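Chemist: This is the structure, below, for whatever I ask next.
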Amino acid sequence: MSSRSGVANLPLHGGRAPRWLFHRMVKLARVVVDSMIYEYGPAEFLSRISDPHWFQAFSCVLGFDWHSSGTTTTTCGALKTAINPEEHGIFIAGGKGRASRKTPQEIRDAGEIFPLSTSKLKKLVYSSKISAKIDNSCIQDGYQLYHHVFFLTERGDWAVVQQGMNESTRYARRYHWLSDSVDNYINEPHNGICCDLKQEKTLNMTSDMSFDSRQTSLDLILDNPQHLKKYFQKKIEVNVGQANLDLFCPELTLPSHHPVLDTDLSSREFEVLQNAWELQPESYEELISLKGMGPKKIRALALISDLVYGDQASWEDPVKYSFTHGGKDGFPYPVDREVYDHSIQTLRDAIQQARLEKKEGYLAIKRLESLLHAEN
């Protein structure tokens with residue numbers, strides 16, 4: 001089974017799926033899932049649903065333009081309605097808005113259907129929570145999560161499809177996770193990211209380049225954050241030539257003076273850091289998992305790690321490549337017919353080859369059967 005996870009970036013169009021279309025989407029989703037599980041099993045379904053490109057193609061097959069509003073939420077909703085856990089061996093928890101907050105309890109409910117131990121269910125709930133925390137707080141790309149769906153199988157394998165909104169650009173960014181490809185929640189958890197909009201400055205604490213910054217952030221807490229008040233509660237003046245000081249990047253770190261940031265934390269926010277010190281987390285993952293450790297405090301610790309110890313975090317958007325043929329309306333750019341035709345031919349060749357191999361295997365079995373009958 002291949003391992004895929006990543007991010008898709010989508011400009012939004014207005015409107016919602018009419019009831020007559022959604023009714024058909026559920027039916028089509030069910031037969032597609034039936035076929036896939038029959039051929040490959042639930043694990044392959046997770047692998048594909050965690051691939052942002054396959055997911056986008058699937059949503060288009062169900063009835064969406066490639067970037068229509070509701071592509072993610074409605075497709076996941078159709079799947080949640082179509083899939084029967086007892087029949088398919090797959091359970092879907094979560095959804096959009098308030099439904100996303102029900103995910104932990106719904107995962108626990110899966111234990112009444114699947115033979116999953118209490119400890120395994122606890123780990124699944126943690127996987128759901130930490131994936132949301134990381135994409136919302138450790139990757140600070142300007143997208144606020146509002147949709148979270150957790151897929152799990154009767155074996156305890158899982159996948160996540162969650163989406164965030166950037167209110168200023170009206171773009172949505174979709175994040176995909178797959179349990180088989182997650183060796184470490186904190187370090188490079190996404191291994192396939194596609195996007196048409198790359199942010200200039202994105203704090204990415206999951207980058208391998210942020211390893212030292214993560215460790216220093218943890219050390220700052222373990223040493224007692226009281227001595228950090230002088231950094232959190234004052235502004236250091238420097239001319240950076242930009243209004244939004246939250247968009248700090250390492251190129252602005254000048255050797256002659258300190259970088260400017262408003263790192264002022266309220267007394268209540270500072271109590272979170274004090275509580276973290278009292279708990280003495282053993283790892284950065286445990287630190288960011290603590291209640292109240294949101295984007296502002298994670299960013300402040302990363303910046304002070306850079307300021308005091310020179311341990312820089314990554315400020316590169318974790319987007320690897322763009323993947324699309326273009327749009328029928330010329331947006332984001334006209335369809336490249338040569339590339340499109342090449343994709344079609346490649347798929348045709350792959351399917352034809354697979355059919356030939358399957359047929360050759362079948363004929364070989366028939367020849368063996370005939371030989372056995374002849375010997376008898």
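If you're wondering about the labels, chains in the structure tokens are A, B, ... by order shown, residues count from 1 in each chain, ligands from 1 in order shown.
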I want to know what sits within 9 Å of Gln280 in chain A, based on only C-alpha atoms, with residues of the same chain fewer than 4 positions away left out; could you give that as a count of residues only?
Modeler: 5
Chemist: In Å, with one decimal, what is the gap from CA of Ala159 in chain A to CA of Trp177 in chain A?
Modeler: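 CA of Trp177 in chain A lies at a distance of 5.3 Å from CA of Ala159 in chain A.
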Chemist: When you draw a straight line from CA of Ser210 in chain A to CA of Asp306 in chain A, how long is it in Å?
Modeler: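 A separation of 10.4 Å between them.
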Chemist: Please indicate the distance in Å from CA of Asp141 in chain A to CA of Trp315 in chain A, rounded to one decimal place.
Modeler: 9.6 Å
Chemist: Select from range 87-189 of chain A everything DSSP, run on the backbone, classes as alpha helix (DSSP H), then give the selection as number ranges by chain.
Modeler: A: 87-88, 103-110, 118-133
Chemist: Contacts of Glu112 in chain A at 12 Å or less, counting only C-alpha atoms, minus same-chain residues fewer than 5 places along, as a ChimeraX atom specification?
Modeler: /A:85-86,91,105-107,117-118,121,154
Chemist: If you run DSSP on this backbone, which residues of range 77-212 of chain A come out as strand (DSSP E or B), and could you give them as a PyMOL selection string?
Modeler: chain A and resi 90-96+139-140+144-153+158-166+171-178+194+203-204
Chemist: For those residues, write C-alpha atoms to a file as a short mmCIF file (atom, residue, chain, number, x, y, z; two decimals), in the first residue's frame.
Modeler:
data_model
loop_
_atom_site.label_atom_id
_atom_site.label_comp_id
_atom_site.auth_asym_id
_atom_site.auth_seq_id
_atom_site.Cartn_x
_atom_site.Cartn_y
_atom_site.Cartn_z
CA ILE A 90 -14.54 1.84 7.90
CA PHE A 91 -15.83 4.38 10.42
CA ILE A 92 -16.00 8.13 9.73
CA ALA A 93 -16.05 10.68 12.54
CA GLY A 94 -16.25 14.46 12.56
CA GLY A 95 -17.33 16.96 9.94
CA LYS A 96 -17.71 20.71 9.50
CA ILE A 139 2.01 25.34 10.53
CA GLN A 140 1.01 29.01 10.66
CA GLN A 144 -8.04 28.54 10.31
CA LEU A 145 -9.37 24.98 10.49
CA TYR A 146 -13.14 24.63 10.30
CA HIS A 147 -13.53 21.07 8.99
CA HIS A 148 -12.05 17.87 10.43
CA VAL A 149 -12.95 14.32 9.42
CA PHE A 150 -11.27 11.23 10.85
CA PHE A 151 -11.41 7.90 8.95
CA LEU A 152 -10.53 4.70 10.81
CA THR A 153 -10.65 1.00 10.05
CA TRP A 158 -6.56 6.00 10.19
CA ALA A 159 -6.58 8.98 7.85
CA VAL A 160 -7.52 12.64 8.34
CA VAL A 161 -9.03 15.11 5.91
CA GLN A 162 -9.28 18.61 7.35
CA GLN A 163 -9.64 22.04 5.82
CA GLY A 164 -8.83 25.61 6.81
CA MET A 165 -10.01 28.98 5.51
CA ASN A 166 -7.97 32.09 4.77
CA TYR A 171 -8.86 30.33 -0.36
CA ALA A 172 -9.29 27.02 1.43
CA ARG A 173 -6.39 24.71 2.18
CA ARG A 174 -6.98 21.02 2.68
CA TYR A 175 -4.68 18.89 4.83
CA HIS A 176 -4.41 15.10 4.47
CA TRP A 177 -2.87 12.62 6.91
CA LEU A 178 -2.31 8.86 6.70
CA CYS A 194 0.14 20.41 -3.62
CA LEU A 203 6.08 29.52 10.24
CA ASN A 204 6.51 25.77 9.87
#
Chemist: Which residue out of A:Gly41, A:Leu218, A:Leu28, A:Arg108 has the minimum interatomic distance to Ser128 in chain A when only C-alpha atoms are used?
Modeler: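 Looking at the shortest contact to Ser128 in chain A, the residue is A:Arg108.
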Chemist: Check which residues of range 100-160 of chain A sit at most 12 Å from range 291-302 of chain A using only C-alpha atoms, and return one row each with the closest pair of atoms and their distance in Å to one decimal, ordered by chain and rising number, as CSV.
Modeler:
residue,atom,partner,partner_atom,distance
A:Lys129,CA,A:Lys291,CA,11.2
A:Ile130,CA,A:Lys291,CA,11.5
A:Ala132,CA,A:Gly294,CA,11.3
A:Lys133,CA,A:Gly294,CA,8.0
A:Ile134,CA,A:Pro295,CA,9.4
A:Asp135,CA,A:Pro295,CA,10.1
A:Asn136,CA,A:Pro295,CA,7.4
A:Ser137,CA,A:Pro295,CA,4.4
A:Cys138,CA,A:Pro295,CA,6.7
A:Ile139,CA,A:Pro295,CA,8.6
A:Gln140,CA,A:Pro295,CA,7.1
A:Asp141,CA,A:Pro295,CA,10.6
A:Gly142,CA,A:Pro295,CA,10.6
A:Tyr143,CA,A:Pro295,CA,11.6
A:Gln144,CA,A:Pro295,CA,10.7
Chemist: Skipping near chain neighbours, those fewer than 6 positions away, what residues fall within 12 Å of Phe22 in chain A using only C-alpha atoms, listed as a VMD selection string?
Modeler: chain A and resid 16 28 to 29 59 62 to 64 70 to 71 73 to 79 81 to 82
Chemist: Find, counting only C-alpha atoms, the residue in A:Leu220, A:Asn84, A:Gln199, A:Glu39 that gets nearest to Thr169 in chain A.
Modeler: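 Answer, going by the shortest atom-to-atom distance: A:Gln199.
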